[in-house]
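Source file: structure.tsv. Holds: TSV, C-alpha atoms.
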```tsv
chain	number	residue	atom	x	y	z
A	1	MET	CA	-80.30	7.15	-57.40
A	2	PRO	CA	-84.02	6.69	-57.07
A	3	LYS	CA	-84.29	5.30	-53.55
A	4	LEU	CA	-81.23	6.21	-51.51
A	5	VAL	CA	-82.03	9.08	-49.14
A	6	THR	CA	-79.19	11.61	-49.01
A	7	ALA	CA	-81.21	14.38	-47.37
A	8	SER	CA	-80.35	14.80	-43.70
A	9	GLN	CA	-82.73	12.75	-41.59
A	10	PHE	CA	-81.51	13.25	-38.02
A	11	ALA	CA	-83.35	15.84	-35.93
A	12	ASP	CA	-79.97	16.61	-34.30
A	13	PRO	CA	-77.17	15.72	-36.77
A	14	ASP	CA	-74.52	16.91	-34.28
A	15	ALA	CA	-75.68	14.34	-31.73
A	16	ALA	CA	-75.53	11.56	-34.33
A	17	TYR	CA	-72.04	12.64	-35.34
A	18	LEU	CA	-70.97	12.66	-31.68
A	19	ALA	CA	-72.21	9.08	-31.24
A	20	LEU	CA	-69.99	7.98	-34.15
A	21	VAL	CA	-66.97	9.91	-32.83
A	22	GLU	CA	-67.37	8.51	-29.33
A	23	ALA	CA	-67.66	4.97	-30.68
A	24	ARG	CA	-64.11	5.21	-32.02
A	25	ARG	CA	-62.54	7.20	-29.19
A	26	ASN	CA	-59.22	5.64	-28.09
A	27	LEU	CA	-59.31	3.04	-30.87
A	28	SER	CA	-56.32	2.44	-33.16
A	29	GLY	CA	-56.79	2.89	-36.91
A	30	ALA	CA	-57.06	-0.87	-37.36
A	31	GLN	CA	-59.58	-1.24	-34.52
A	32	ALA	CA	-61.69	1.60	-35.98
A	33	ALA	CA	-61.64	-0.08	-39.41
A	34	GLU	CA	-62.88	-3.32	-37.81
A	35	LEU	CA	-65.60	-1.42	-35.98
A	36	ASP	CA	-66.63	0.23	-39.26
A	37	ALA	CA	-66.85	-3.14	-41.01
A	38	ARG	CA	-69.19	-4.51	-38.34
A	39	LEU	CA	-71.21	-1.29	-38.40
A	40	VAL	CA	-71.58	-1.46	-42.19
A	41	LEU	CA	-72.91	-5.03	-41.98
A	42	ILE	CA	-75.39	-4.14	-39.22
A	43	LEU	CA	-76.68	-1.02	-40.98
A	44	ALA	CA	-76.80	-2.71	-44.42
A	45	ASN	CA	-79.03	-5.40	-42.96
A	46	HIS	CA	-81.18	-2.80	-41.24
A	47	ILE	CA	-81.73	-1.10	-44.62
A	48	GLY	CA	-82.56	-4.50	-46.09
A	49	ASP	CA	-82.73	-3.29	-49.69
A	50	LEU	CA	-80.01	-4.32	-52.15
A	51	ASP	CA	-80.72	-1.47	-54.60
A	52	VAL	CA	-80.33	1.11	-51.84
A	53	LEU	CA	-77.17	-0.62	-50.62
A	54	ARG	CA	-75.67	-0.52	-54.14
A	55	ASP	CA	-76.56	3.17	-54.50
A	56	ALA	CA	-74.92	3.88	-51.15
A	57	ILE	CA	-71.76	2.01	-52.19
A	58	ALA	CA	-71.65	3.99	-55.44
A	59	LEU	CA	-72.03	7.31	-53.61
A	60	ALA	CA	-69.31	6.41	-51.12
A	61	LYS	CA	-66.94	5.41	-53.95
A	62	GLU	CA	-67.51	8.48	-56.08
A	63	SER	CA	-67.04	10.83	-53.13
A	64	ARG	CA	-63.37	9.94	-52.64
B	1	MET	CA	-70.95	36.40	-3.65
B	2	ILE	CA	-72.21	35.66	-7.14
B	3	PHE	CA	-70.06	34.79	-10.15
B	4	VAL	CA	-71.00	35.97	-13.63
B	5	GLY	CA	-69.63	35.33	-17.13
B	6	ASP	CA	-66.29	33.60	-17.73
B	7	ALA	CA	-65.47	33.94	-14.01
B	8	ALA	CA	-68.30	31.48	-13.33
B	9	HIS	CA	-67.49	28.74	-15.87
B	10	GLN	CA	-64.99	27.57	-18.40
B	11	VAL	CA	-66.40	28.06	-21.89
B	12	SER	CA	-64.74	27.00	-25.12
B	13	PRO	CA	-64.63	29.94	-27.52
B	14	PHE	CA	-67.01	28.86	-30.29
B	15	GLY	CA	-70.12	30.55	-31.64
B	16	ALA	CA	-69.71	33.74	-29.60
B	17	ARG	CA	-70.63	31.76	-26.50
B	18	GLY	CA	-68.34	33.53	-24.03
B	19	ALA	CA	-69.64	37.07	-24.49
B	20	ASN	CA	-73.24	36.01	-25.06
B	21	SER	CA	-73.46	33.88	-21.95
B	22	GLY	CA	-71.83	36.64	-19.86
B	23	ILE	CA	-74.54	39.07	-20.97
B	24	GLN	CA	-77.23	36.43	-20.43
B	25	ASP	CA	-75.88	35.76	-16.91
B	26	ALA	CA	-76.21	39.46	-16.11
B	27	GLU	CA	-79.69	39.59	-17.66
B	28	ASN	CA	-80.79	36.61	-15.59
B	29	LEU	CA	-79.35	38.02	-12.36
B	30	ALA	CA	-80.25	41.73	-12.60
B	31	TRP	CA	-84.02	41.47	-12.20
B	32	LYS	CA	-83.68	38.85	-9.48
B	33	LEU	CA	-81.35	41.04	-7.42
B	34	ALA	CA	-83.67	44.02	-7.95
B	35	ALA	CA	-86.74	42.04	-6.86
B	36	ARG	CA	-84.91	40.69	-3.80
B	37	LEU	CA	-83.65	44.14	-2.76
B	38	LYS	CA	-87.16	45.57	-3.14
B	39	GLY	CA	-88.45	42.80	-0.88
B	40	GLU	CA	-90.63	41.32	-3.65
B	41	ALA	CA	-88.83	37.98	-3.82
B	42	GLY	CA	-87.56	35.19	-1.61
B	43	ASP	CA	-83.91	34.08	-1.29
B	44	ALA	CA	-84.68	31.08	-3.50
B	45	LEU	CA	-85.01	33.50	-6.44
B	46	ILE	CA	-81.30	34.35	-6.11
B	47	ALA	CA	-80.48	30.62	-5.90
B	48	SER	CA	-82.40	30.07	-9.17
B	49	TYR	CA	-79.76	32.20	-10.95
B	50	GLU	CA	-77.20	29.45	-10.51
B	51	LEU	CA	-79.64	26.69	-11.35
B	52	GLU	CA	-80.76	28.32	-14.62
B	53	ARG	CA	-77.37	29.54	-15.76
B	54	ILE	CA	-75.66	26.20	-15.05
B	55	GLN	CA	-78.10	24.71	-17.56
B	56	ALA	CA	-77.04	27.37	-20.08
B	57	ALA	CA	-73.33	26.78	-19.37
B	58	ASP	CA	-73.79	23.00	-19.79
B	59	GLU	CA	-75.49	23.61	-23.14
B	60	ASN	CA	-72.68	25.93	-24.27
B	61	ILE	CA	-70.00	23.45	-23.27
B	62	LYS	CA	-71.88	20.62	-25.02
B	63	HIS	CA	-72.03	22.57	-28.28
B	64	SER	CA	-68.44	23.76	-28.21
B	65	THR	CA	-67.18	20.28	-27.29
B	66	ARG	CA	-68.99	18.89	-30.34
B	67	SER	CA	-67.39	21.55	-32.56
B	68	THR	CA	-63.97	20.78	-31.09
B	69	ASP	CA	-64.49	17.06	-31.74
B	70	PHE	CA	-65.17	17.88	-35.39
B	71	LEU	CA	-62.38	20.42	-35.90
B	72	ALA	CA	-59.68	18.76	-33.78
B	73	PRO	CA	-60.26	14.97	-33.60
B	74	HIS	CA	-58.51	13.17	-30.72
B	75	SER	CA	-56.79	10.49	-32.80
B	76	GLY	CA	-56.23	9.07	-36.25
B	77	ALA	CA	-59.26	6.79	-35.85
B	78	GLU	CA	-61.49	9.77	-35.09
B	79	ARG	CA	-59.96	11.92	-37.84
B	80	ARG	CA	-61.39	9.63	-40.52
B	81	LEU	CA	-64.90	10.83	-39.66
B	82	PRO	CA	-64.62	14.57	-40.34
B	83	ASP	CA	-62.61	13.68	-43.48
B	84	ALA	CA	-65.46	11.41	-44.62
B	85	VAL	CA	-68.05	14.09	-43.85
B	86	LEU	CA	-66.13	16.64	-45.95
B	87	GLU	CA	-65.64	14.17	-48.82
B	88	LEU	CA	-69.38	13.41	-48.90
B	89	ALA	CA	-70.52	16.99	-48.34
B	90	PRO	CA	-70.52	18.14	-52.00
B	91	LYS	CA	-72.80	15.24	-52.96
B	92	ALA	CA	-75.07	14.64	-49.98
B	93	GLU	CA	-76.97	16.93	-47.64
B	94	LEU	CA	-76.68	14.32	-44.88
B	95	ALA	CA	-72.97	15.16	-44.65
B	96	ARG	CA	-73.37	18.93	-45.03
B	97	ARG	CA	-75.56	19.02	-41.93
B	98	MET	CA	-72.74	17.35	-39.96
B	99	VAL	CA	-70.04	19.87	-40.92
B	100	ASN	CA	-69.52	21.59	-37.58
B	101	SER	CA	-67.31	24.67	-37.57
B	102	GLY	CA	-69.18	26.06	-34.55
B	103	ARG	CA	-72.90	26.40	-33.91
B	104	LEU	CA	-74.27	29.85	-33.23
B	105	SER	CA	-75.17	30.55	-29.62
B	106	LEU	CA	-78.91	30.59	-28.87
B	107	PRO	CA	-80.49	31.58	-25.55
B	108	ALA	CA	-81.07	28.61	-23.26
B	109	ILE	CA	-84.51	27.22	-22.45
B	110	TYR	CA	-84.66	26.97	-18.65
B	111	ASP	CA	-86.13	23.89	-17.02
B	112	SER	CA	-86.84	25.98	-13.96
B	113	PRO	CA	-88.80	25.94	-10.70
B	114	LEU	CA	-89.79	29.50	-11.63
B	115	SER	CA	-91.97	28.15	-14.48
B	116	THR	CA	-95.52	26.92	-13.94
B	117	PRO	CA	-95.97	23.71	-15.98
B	118	ASP	CA	-98.48	23.94	-18.85
B	119	ALA	CA	-101.91	22.60	-17.87
B	120	THR	CA	-102.92	22.29	-21.53
B	121	PRO	CA	-100.61	21.72	-24.50
B	122	PHE	CA	-99.37	24.66	-26.59
B	123	ALA	CA	-97.83	24.41	-30.07
B	124	GLY	CA	-95.91	27.21	-31.80
B	125	THR	CA	-92.33	28.38	-31.32
B	126	ALA	CA	-92.95	29.95	-27.87
B	127	LYS	CA	-91.57	27.57	-25.23
B	128	LEU	CA	-92.04	27.60	-21.49
B	129	GLY	CA	-88.78	28.77	-19.89
B	130	ALA	CA	-87.47	30.24	-23.17
B	131	PRO	CA	-87.21	33.88	-24.28
B	132	LEU	CA	-90.38	35.05	-26.03
B	133	PRO	CA	-90.29	34.86	-29.80
B	134	ASP	CA	-90.96	38.32	-31.24
B	135	ALA	CA	-93.86	39.13	-33.56
B	136	PRO	CA	-94.66	42.14	-35.74
B	137	LEU	CA	-97.80	43.90	-34.45
B	138	THR	CA	-99.78	47.05	-35.23
B	139	ARG	CA	-100.80	49.82	-32.80
B	140	PRO	CA	-104.40	51.14	-32.79
B	141	ASP	CA	-103.18	54.11	-34.90
B	142	GLU	CA	-101.94	51.62	-37.53
B	143	THR	CA	-98.20	52.23	-36.86
B	144	ALA	CA	-95.96	49.17	-36.79
B	145	THR	CA	-94.33	47.79	-33.63
B	146	HIS	CA	-93.06	44.51	-32.20
B	147	LEU	CA	-94.25	42.41	-29.30
B	148	LEU	CA	-90.97	42.64	-27.36
B	149	GLU	CA	-91.12	46.46	-27.39
B	150	SER	CA	-94.29	46.29	-25.32
B	151	VAL	CA	-93.10	43.73	-22.75
B	152	ARG	CA	-90.09	45.22	-21.01
B	153	GLY	CA	-89.13	46.56	-17.64
B	154	GLY	CA	-90.88	44.03	-15.42
B	155	PHE	CA	-93.37	41.19	-15.31
B	156	ALA	CA	-95.98	41.31	-18.07
B	157	LEU	CA	-99.16	39.52	-18.92
B	158	ILE	CA	-100.01	39.21	-22.59
B	159	GLY	CA	-103.71	38.55	-22.98
B	160	VAL	CA	-105.56	37.67	-26.16
B	161	LYS	CA	-108.83	39.59	-26.39
B	162	ASN	CA	-111.94	37.59	-25.83
B	163	GLY	CA	-114.97	39.80	-25.24
B	164	GLU	CA	-114.10	42.55	-22.75
B	165	GLY	CA	-110.26	42.45	-22.86
B	166	HIS	CA	-108.75	45.10	-20.56
B	167	GLY	CA	-112.03	45.63	-18.75
B	168	ALA	CA	-112.15	41.97	-17.75
B	169	ILE	CA	-108.47	41.47	-16.93
B	170	ARG	CA	-107.02	44.70	-15.49
B	171	PRO	CA	-109.04	44.92	-12.24
B	172	ARG	CA	-108.22	41.30	-11.35
B	173	LEU	CA	-104.51	41.34	-12.25
B	174	PRO	CA	-102.05	41.11	-9.31
B	175	GLU	CA	-99.96	44.21	-8.58
B	176	GLY	CA	-96.64	44.49	-10.37
B	177	ILE	CA	-97.72	42.95	-13.67
B	178	ALA	CA	-98.05	45.12	-16.80
B	179	LEU	CA	-100.86	44.18	-19.16
B	180	THR	CA	-100.89	44.06	-22.95
B	181	VAL	CA	-104.01	42.86	-24.69
B	182	ILE	CA	-103.64	41.60	-28.25
B	183	GLY	CA	-106.71	42.77	-30.14
B	184	GLU	CA	-107.00	45.96	-28.06
B	185	ASP	CA	-103.59	47.54	-27.29
B	186	LEU	CA	-101.86	45.86	-30.21
B	187	PHE	CA	-103.21	44.04	-33.25
B	188	ASP	CA	-101.96	40.81	-34.81
B	189	LYS	CA	-102.93	41.60	-38.42
B	190	LYS	CA	-100.47	39.15	-39.97
B	191	GLY	CA	-101.41	36.34	-37.58
B	192	ILE	CA	-97.75	35.76	-36.72
B	193	PHE	CA	-98.28	36.23	-32.97
B	194	ALA	CA	-101.14	33.72	-33.05
B	195	GLN	CA	-98.97	31.22	-34.90
B	196	ARG	CA	-95.85	31.58	-32.72
B	197	PHE	CA	-97.77	31.51	-29.44
B	198	ASP	CA	-100.48	29.06	-30.54
B	199	ALA	CA	-102.81	31.81	-29.34
B	200	SER	CA	-106.57	31.41	-29.06
B	201	PRO	CA	-109.12	33.99	-27.85
B	202	GLY	CA	-108.82	34.37	-24.08
B	203	ALA	CA	-105.30	32.87	-23.83
B	204	ALA	CA	-102.87	34.54	-21.42
B	205	TYR	CA	-99.05	34.48	-21.17
B	206	LEU	CA	-97.02	35.51	-18.11
B	207	VAL	CA	-93.56	36.88	-18.91
B	208	ARG	CA	-90.64	37.40	-16.52
B	209	SER	CA	-88.64	40.62	-16.35
B	210	ASP	CA	-85.97	39.01	-18.56
B	211	GLN	CA	-88.63	38.20	-21.22
B	212	HIS	CA	-88.60	34.48	-20.55
B	213	LEU	CA	-92.05	32.87	-20.65
B	214	CYS	CA	-92.92	31.48	-17.20
B	215	ALA	CA	-96.61	30.48	-17.48
B	216	ARG	CA	-99.49	30.34	-19.98
B	217	TRP	CA	-103.14	29.43	-19.98
B	218	ARG	CA	-105.96	28.95	-22.47
B	219	ARG	CA	-108.11	31.33	-20.41
B	220	PHE	CA	-107.27	34.12	-17.97
B	221	ASP	CA	-107.69	33.09	-14.34
B	222	PRO	CA	-106.57	35.73	-11.79
B	223	THR	CA	-105.86	33.13	-9.09
B	224	ALA	CA	-103.65	31.07	-11.42
B	225	VAL	CA	-101.80	34.20	-12.58
B	226	ALA	CA	-101.18	35.31	-8.98
B	227	ARG	CA	-99.88	31.84	-8.08
B	228	ALA	CA	-97.56	31.73	-11.12
B	229	HIS	CA	-96.29	35.24	-10.33
B	230	GLN	CA	-95.48	34.23	-6.73
B	231	ARG	CA	-93.76	31.14	-7.99
B	232	ALA	CA	-91.65	33.11	-10.49
B	233	LEU	CA	-90.53	35.35	-7.60
B	234	GLN	CA	-90.05	32.35	-5.26
B	235	ARG	CA	-92.11	34.15	-2.65
```

Kindly return the structure encoded in the file as structure tokens.
Amino acid sequence: MPKLVTASQFADPDAAYLALVEARRNLSGAQAAELDARLVLILANHIGDLDVLRDAIALAKESR
Amino acid sequence: MIFVGDAAHQVSPFGARGANSGIQDAENLAWKLAARLKGEAGDALIASYELERIQAADENIKHSTRSTDFLAPHSGAERRLPDAVLELAPKAELARRMVNSGRLSLPAIYDSPLSTPDATPFAGTAKLGAPLPDAPLTRPDETATHLLESVRGGFALIGVKNGEGHGAIRPRLPEGIALTVIGEDLFDKKGIFAQRFDASPGAAYLVRSDQHLCARWRRFDPTAVARAHQRALQR
């Protein structure tokens, strides 16, 4: 994985985690999955690099 | 009536926050009560206890709420997140940094009316309103000591020698402030004090009785020190 950054980049990782938790507070499992799908599309576009996106998909799949 | 420790606030029991904040409450209050009883301080100094320690309690509750969110998610939708963090953790540092089984309690940095705002910027790990970072120092007889051993028991000014040192500072220092001059009383051979305090020759640091930094300057000015001392006592 030459380009995907897996080192922690947030100055305050706990605050970033909290933002993600709060985004799904009081959502059903199905609603959270829909939220995640939209979030993935937004963040994938923000990255804007297909190689990085493929590396990220591979990492997510192998971590199951 | 003044409340201290768990009597004063609900604290979730993570990271030793209950006992630590109780001791820190007492540390914050003790010197203020003493100064008030001795007639050295105004009533506003006692009021600053609540203001400063509420900040610390808010910080404690924020950290323990975050740990609780990680360890005990509210719902199925939230539970997927800590599971995902733990699944990714063996492969990616980004996830390891989010594993939250409780963050260790650190002393709070007070945004306080007792502090005199910096007139010039300072780098280093010393922060206005925070407890002083310690630094290994050497006495004139070459024995080893630490900074915090020399600043206890009351207000202290730490000066960095520039020319005369004690001779220049002592006669002009307000009453009730102990003086330590780096480069005369104690020596910073390893340069760690200079690094942590972003110290330059002539710099001066005013420290409260609870070892929190309340003012600092690039050069010693007796009028500014007296004003900062009054402010820290709310006189």

TODO: Considering only C-alpha atoms, extract the chain A residues located within 7 Å of chain B and return them as a PyMOL selection string.
DONE: chain A and resi 6-8+13-14+17-18+21+24-25+27-29+32+63-64

Go ahead and write the residues just picked, C-alpha atoms, as a PDB file, keeping the file's coordinate frame.
```
ATOM      1  CA  THR A   6     -79.190  11.610 -49.010  1.00  0.00           C
ATOM      2  CA  ALA A   7     -81.210  14.380 -47.370  1.00  0.00           C
ATOM      3  CA  SER A   8     -80.350  14.800 -43.700  1.00  0.00           C
ATOM      4  CA  PRO A  13     -77.170  15.720 -36.770  1.00  0.00           C
ATOM      5  CA  ASP A  14     -74.520  16.910 -34.280  1.00  0.00           C
ATOM      6  CA  TYR A  17     -72.040  12.640 -35.340  1.00  0.00           C
ATOM      7  CA  LEU A  18     -70.970  12.660 -31.680  1.00  0.00           C
ATOM      8  CA  VAL A  21     -66.970   9.910 -32.830  1.00  0.00           C
ATOM      9  CA  ARG A  24     -64.110   5.210 -32.020  1.00  0.00           C
ATOM     10  CA  ARG A  25     -62.540   7.200 -29.190  1.00  0.00           C
ATOM     11  CA  LEU A  27     -59.310   3.040 -30.870  1.00  0.00           C
ATOM     12  CA  SER A  28     -56.320   2.440 -33.160  1.00  0.00           C
ATOM     13  CA  GLY A  29     -56.790   2.890 -36.910  1.00  0.00           C
ATOM     14  CA  ALA A  32     -61.690   1.600 -35.980  1.00  0.00           C
ATOM     15  CA  SER A  63     -67.040  10.830 -53.130  1.00  0.00           C
ATOM     16  CA  ARG A  64     -63.370   9.940 -52.640  1.00  0.00           C
TER      17      ARG A  64
END
```

- [ ] Could you give me, as an MDAnalysis selection string, the residues within 10 Å of B:Gln230, counting only C-alpha atoms and dropping anything in the same chain fewer than 3 positions from it?
- [x] chainID B and resid 40:42 114 174 224:227 233:235

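Of the residues listed (B:Ser101, B:Asn60, B:Thr68, B:Gln211), B:Gln211 shows the shortest atom-to-atom separation from B:Lys127; distances use all atoms listed in the file.
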
Task: Atomic separation - atom CA of B:Ala126 relative to atom CA of B:Ala19, Å - done: 24.6 Å

- [ ] Provide the atom CA of B:Asp6 to atom CA of B:Arg152 distance in Å, to one decimal place.
- [x] 26.7 Å

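Using all atoms listed in the file, the protein and nucleic acid residues lying no more than 9 Å from A:Asp51, apart from those fewer than 3 places from it along its own chain, are Lys3, Leu4, Arg54, Asp55 and Ala56 of chain A.
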
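The coordinates place atom CA of B:Arg231 at 15.2 Å from atom CA of B:Gly154.
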
Task: For B:Ile109: contacts at 9 Å, only C-alpha atoms, fewer than 6 positions along chain excluded, given as a PyMOL selection string - done: chain B and resi 52+55-56+127-131+212

Task: Test item: which residues lie within 6 Å of (-109.0, 31.4, -22.8) counting only C-alpha atoms, as a count of residues only - done: 6
